[in-house]
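For reference, protein-v7.pdb is printed below; it contains PDB, C-alpha atoms and all ligand atoms.
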```pdb
ATOM      1  CA  MET H  76      11.482   3.844   3.314
ATOM      2  CA  LYS H  77       8.353   5.385   4.791
ATOM      3  CA  ILE H  78       4.878   4.751   3.424
ATOM      4  CA  THR H  79       1.844   6.943   3.887
ATOM      5  CA  LEU H  80      -1.527   6.515   2.273
ATOM      6  CA  ASP H  81      -4.870   8.209   2.037
ATOM      7  CA  ALA H  82      -7.318   5.380   2.667
ATOM      8  CA  ASP H  83     -10.277   7.728   2.118
ATOM      9  CA  ARG H  84      -9.450   7.832  -1.597
ATOM     10  CA  CYS H  85      -8.705   4.099  -1.945
ATOM     11  CA  CYS H  86     -11.005   2.481  -4.512
ATOM     12  CA  ALA H  87     -10.385  -0.999  -3.057
ATOM     13  CA  ALA H  88      -8.944  -2.413  -6.257
ATOM     14  CA  GLY H  89      -6.502  -4.567  -4.293
ATOM     15  CA  GLN H  90      -3.516  -4.224  -6.637
ATOM     16  CA  CYS H  91      -1.237  -3.266  -3.751
ATOM     17  CA  VAL H  92      -2.191  -6.385  -1.803
ATOM     18  CA  LEU H  93      -1.431  -8.636  -4.763
ATOM     19  CA  ILE H  94       1.982  -7.054  -5.279
ATOM     20  CA  ALA H  95       3.105  -6.557  -1.664
ATOM     21  CA  PRO H  96       0.950  -8.718   0.650
ATOM     22  CA  GLU H  97       3.329  -8.308   3.587
ATOM     23  CA  VAL H  98       2.910  -4.539   3.526
ATOM     24  CA  PHE H  99      -0.706  -4.026   2.454
ATOM     25  CA  ASP H 100      -3.966  -5.734   3.339
ATOM     26  CA  GLN H 101      -7.629  -4.939   2.715
ATOM     27  CA  ARG H 102     -10.437  -4.504   5.229
ATOM     28  CA  ASP H 103     -12.806  -7.453   5.146
ATOM     29  CA  GLU H 104     -15.927  -5.303   5.110
ATOM     30  CA  ASP H 105     -15.214  -2.954   2.219
ATOM     31  CA  GLY H 106     -11.835  -3.819   0.718
ATOM     32  CA  VAL H 107     -10.228  -0.518   1.659
ATOM     33  CA  VAL H 108      -6.476  -0.736   2.063
ATOM     34  CA  VAL H 109      -4.817  -1.347   5.437
ATOM     35  CA  LEU H 110      -1.159  -0.516   5.902
ATOM     36  CA  LEU H 111       0.536  -3.405   7.736
ATOM     37  CA  ASP H 112       4.061  -2.009   7.783
ATOM     38  CA  ALA H 113       4.762   1.706   7.309
ATOM     39  CA  GLU H 114       8.527   1.137   7.300
ATOM     40  CA  PRO H 115       9.094  -2.156   5.487
ATOM     41  CA  PRO H 116      12.509  -3.827   5.203
ATOM     42  CA  ALA H 117      14.690  -3.401   2.114
ATOM     43  CA  GLY H 118      13.511  -6.651   0.563
ATOM     44  CA  GLN H 119      10.024  -5.166   0.217
ATOM     45  CA  HIS H 120      10.979  -1.845  -1.335
ATOM     46  CA  ASP H 121      10.738  -2.808  -5.008
ATOM     47  CA  ALA H 122       7.306  -4.348  -4.468
ATOM     48  CA  VAL H 123       6.108  -1.301  -2.548
ATOM     49  CA  ARG H 124       7.276   1.065  -5.279
ATOM     50  CA  GLU H 125       5.511  -1.065  -7.875
ATOM     51  CA  ALA H 126       2.332  -1.097  -5.790
ATOM     52  CA  ALA H 127       2.448   2.703  -5.514
ATOM     53  CA  ALA H 128       2.974   2.996  -9.260
ATOM     54  CA  VAL H 129       0.029   0.785 -10.218
ATOM     55  CA  CYS H 130      -2.442   1.981  -7.567
ATOM     56  CA  PRO H 131      -5.330   3.306  -9.689
ATOM     57  CA  ALA H 132      -6.258   5.918  -7.097
ATOM     58  CA  ALA H 133      -2.633   6.988  -6.519
ATOM     59  CA  VAL H 134      -3.088   6.996  -2.773
ATOM     60  CA  ILE H 135       0.190   5.294  -1.807
ATOM     61  CA  GLU H 136       3.019   7.716  -1.128
ATOM     62  CA  VAL H 137       6.564   6.453  -0.668
ATOM     63  CA  ARG H 138       9.428   8.446   0.759
ATOM     64  CA  ALA H 139      12.997   7.188   0.697
TER      65      ALA H 139
HETATM   66  S1  LIG H 201      -4.040  -0.416  -5.076
HETATM   67 FE1  LIG H 201      -4.609   1.625  -4.330
HETATM   68  S2  LIG H 201      -6.805   1.746  -4.647
HETATM   69 FE2  LIG H 201      -6.253  -0.419  -4.758
HETATM   70  S3  LIG H 201      -6.539  -1.218  -2.670
HETATM   71 FE3  LIG H 201      -4.394  -0.578  -2.860
HETATM   72  S4  LIG H 201      -4.389   1.534  -2.108
HETATM   73 FE4  LIG H 201      -6.502   1.028  -2.557
END
```
Represent the structure contained in this file as structure tokens.
Ligand code: SF4
Amino acid sequence: MKITLDADRCCAAGQCVLIAPEVFDQRDEDGVVVLLDAEPPAGQHDAVREAAAVCPAAVIEVRA
């Protein structure tokens, strides 16, 4: 799995961080998403897909 994201369009809602805190974090100053692991292990894949699905700005892109 490979994750890319467009942080410029992130609306800092934080859903991804709640769902997959080992893969996503938020910048302290403005809450914009930070990608911690662009190629997470298999155990994280379901959470990452869910995070991508619920992201209100649809900025998380997942490739198998
Ligand atoms: S869920 Fe989407 S909009 Fe919200 S912080 Fe994560 S990447 Fe940004």
Query - Computed interatomic separation between CA of Asp100 (chain H) and CA of Ile135 (chain H) (Å) - result: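 Distance between the two atoms: 12.9 Å.
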Requested in this report: Enumerate residues in contact with ligand LIG 201 (chain H): an atom-to-atom distance of at most 6 Å, counting all atoms listed in the file. Format the result as a PyMOL selection string.
Outcome: chain H and resi 85-91+107-108+130-132+134-135
**Report entry** Gap from CA of Met76 (chain H) to CA of Gly106 (chain H) - Å, one decimal
**Finding:**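 So the answer is 24.7 Å.
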Query - Of the listed residues H:Leu110, H:Pro96, H:Ala133, H:Glu125, that which approaches Lys77 (chain H) most closely, counting only C-alpha atoms - result: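 Smallest separation from Lys77 (chain H) among the options: H:Leu110.
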Query raised in the report: Quick one: which residues end up in the PyMOL selection byres (((chain H and resi 120) around 10) and not hetatm) for this structure, as a list in words?
Result: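 What the PyMOL selection byres (((chain H and resi 120) around 10) and not hetatm) grabs from the file is Met76, Lys77, Ala95, Val98, Glu114, Pro115, Pro116, Ala117, Gly118, Gln119, Asp121, Ala122, Val123, Arg124, Glu125, Ala126, Val137 and Ala139 of chain H.
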Report task. Determine the nearest neighbour of Val92 (chain H) from the options H:Leu80, H:Glu136, H:Val109, H:Glu104, counting all atoms listed in the file. Result -> H:Val109
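Distances here use only C-alpha atoms; by that measure, the residue among H:Asp81, H:Leu111, H:Ile94, H:Arg102 closest to Ala128 (chain H) is H:Ile94.
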Given 8 Å of margin on each side, can you work out the centre and size in Å (one decimal) of an axis-aligned box holding every listed atom of region 78-92 of chain H, as lines of an AutoDock Vina configuration file?
```
center_x = -3.1
center_y = 0.9
center_z = -1.4
size_x = 31.9
size_y = 30.6
size_z = 26.5
```
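Nearest residue to Arg138 (chain H) among H:Ala113, H:Arg84, H:Leu93, H:Phe99 is H:Ala113, counting only C-alpha atoms.
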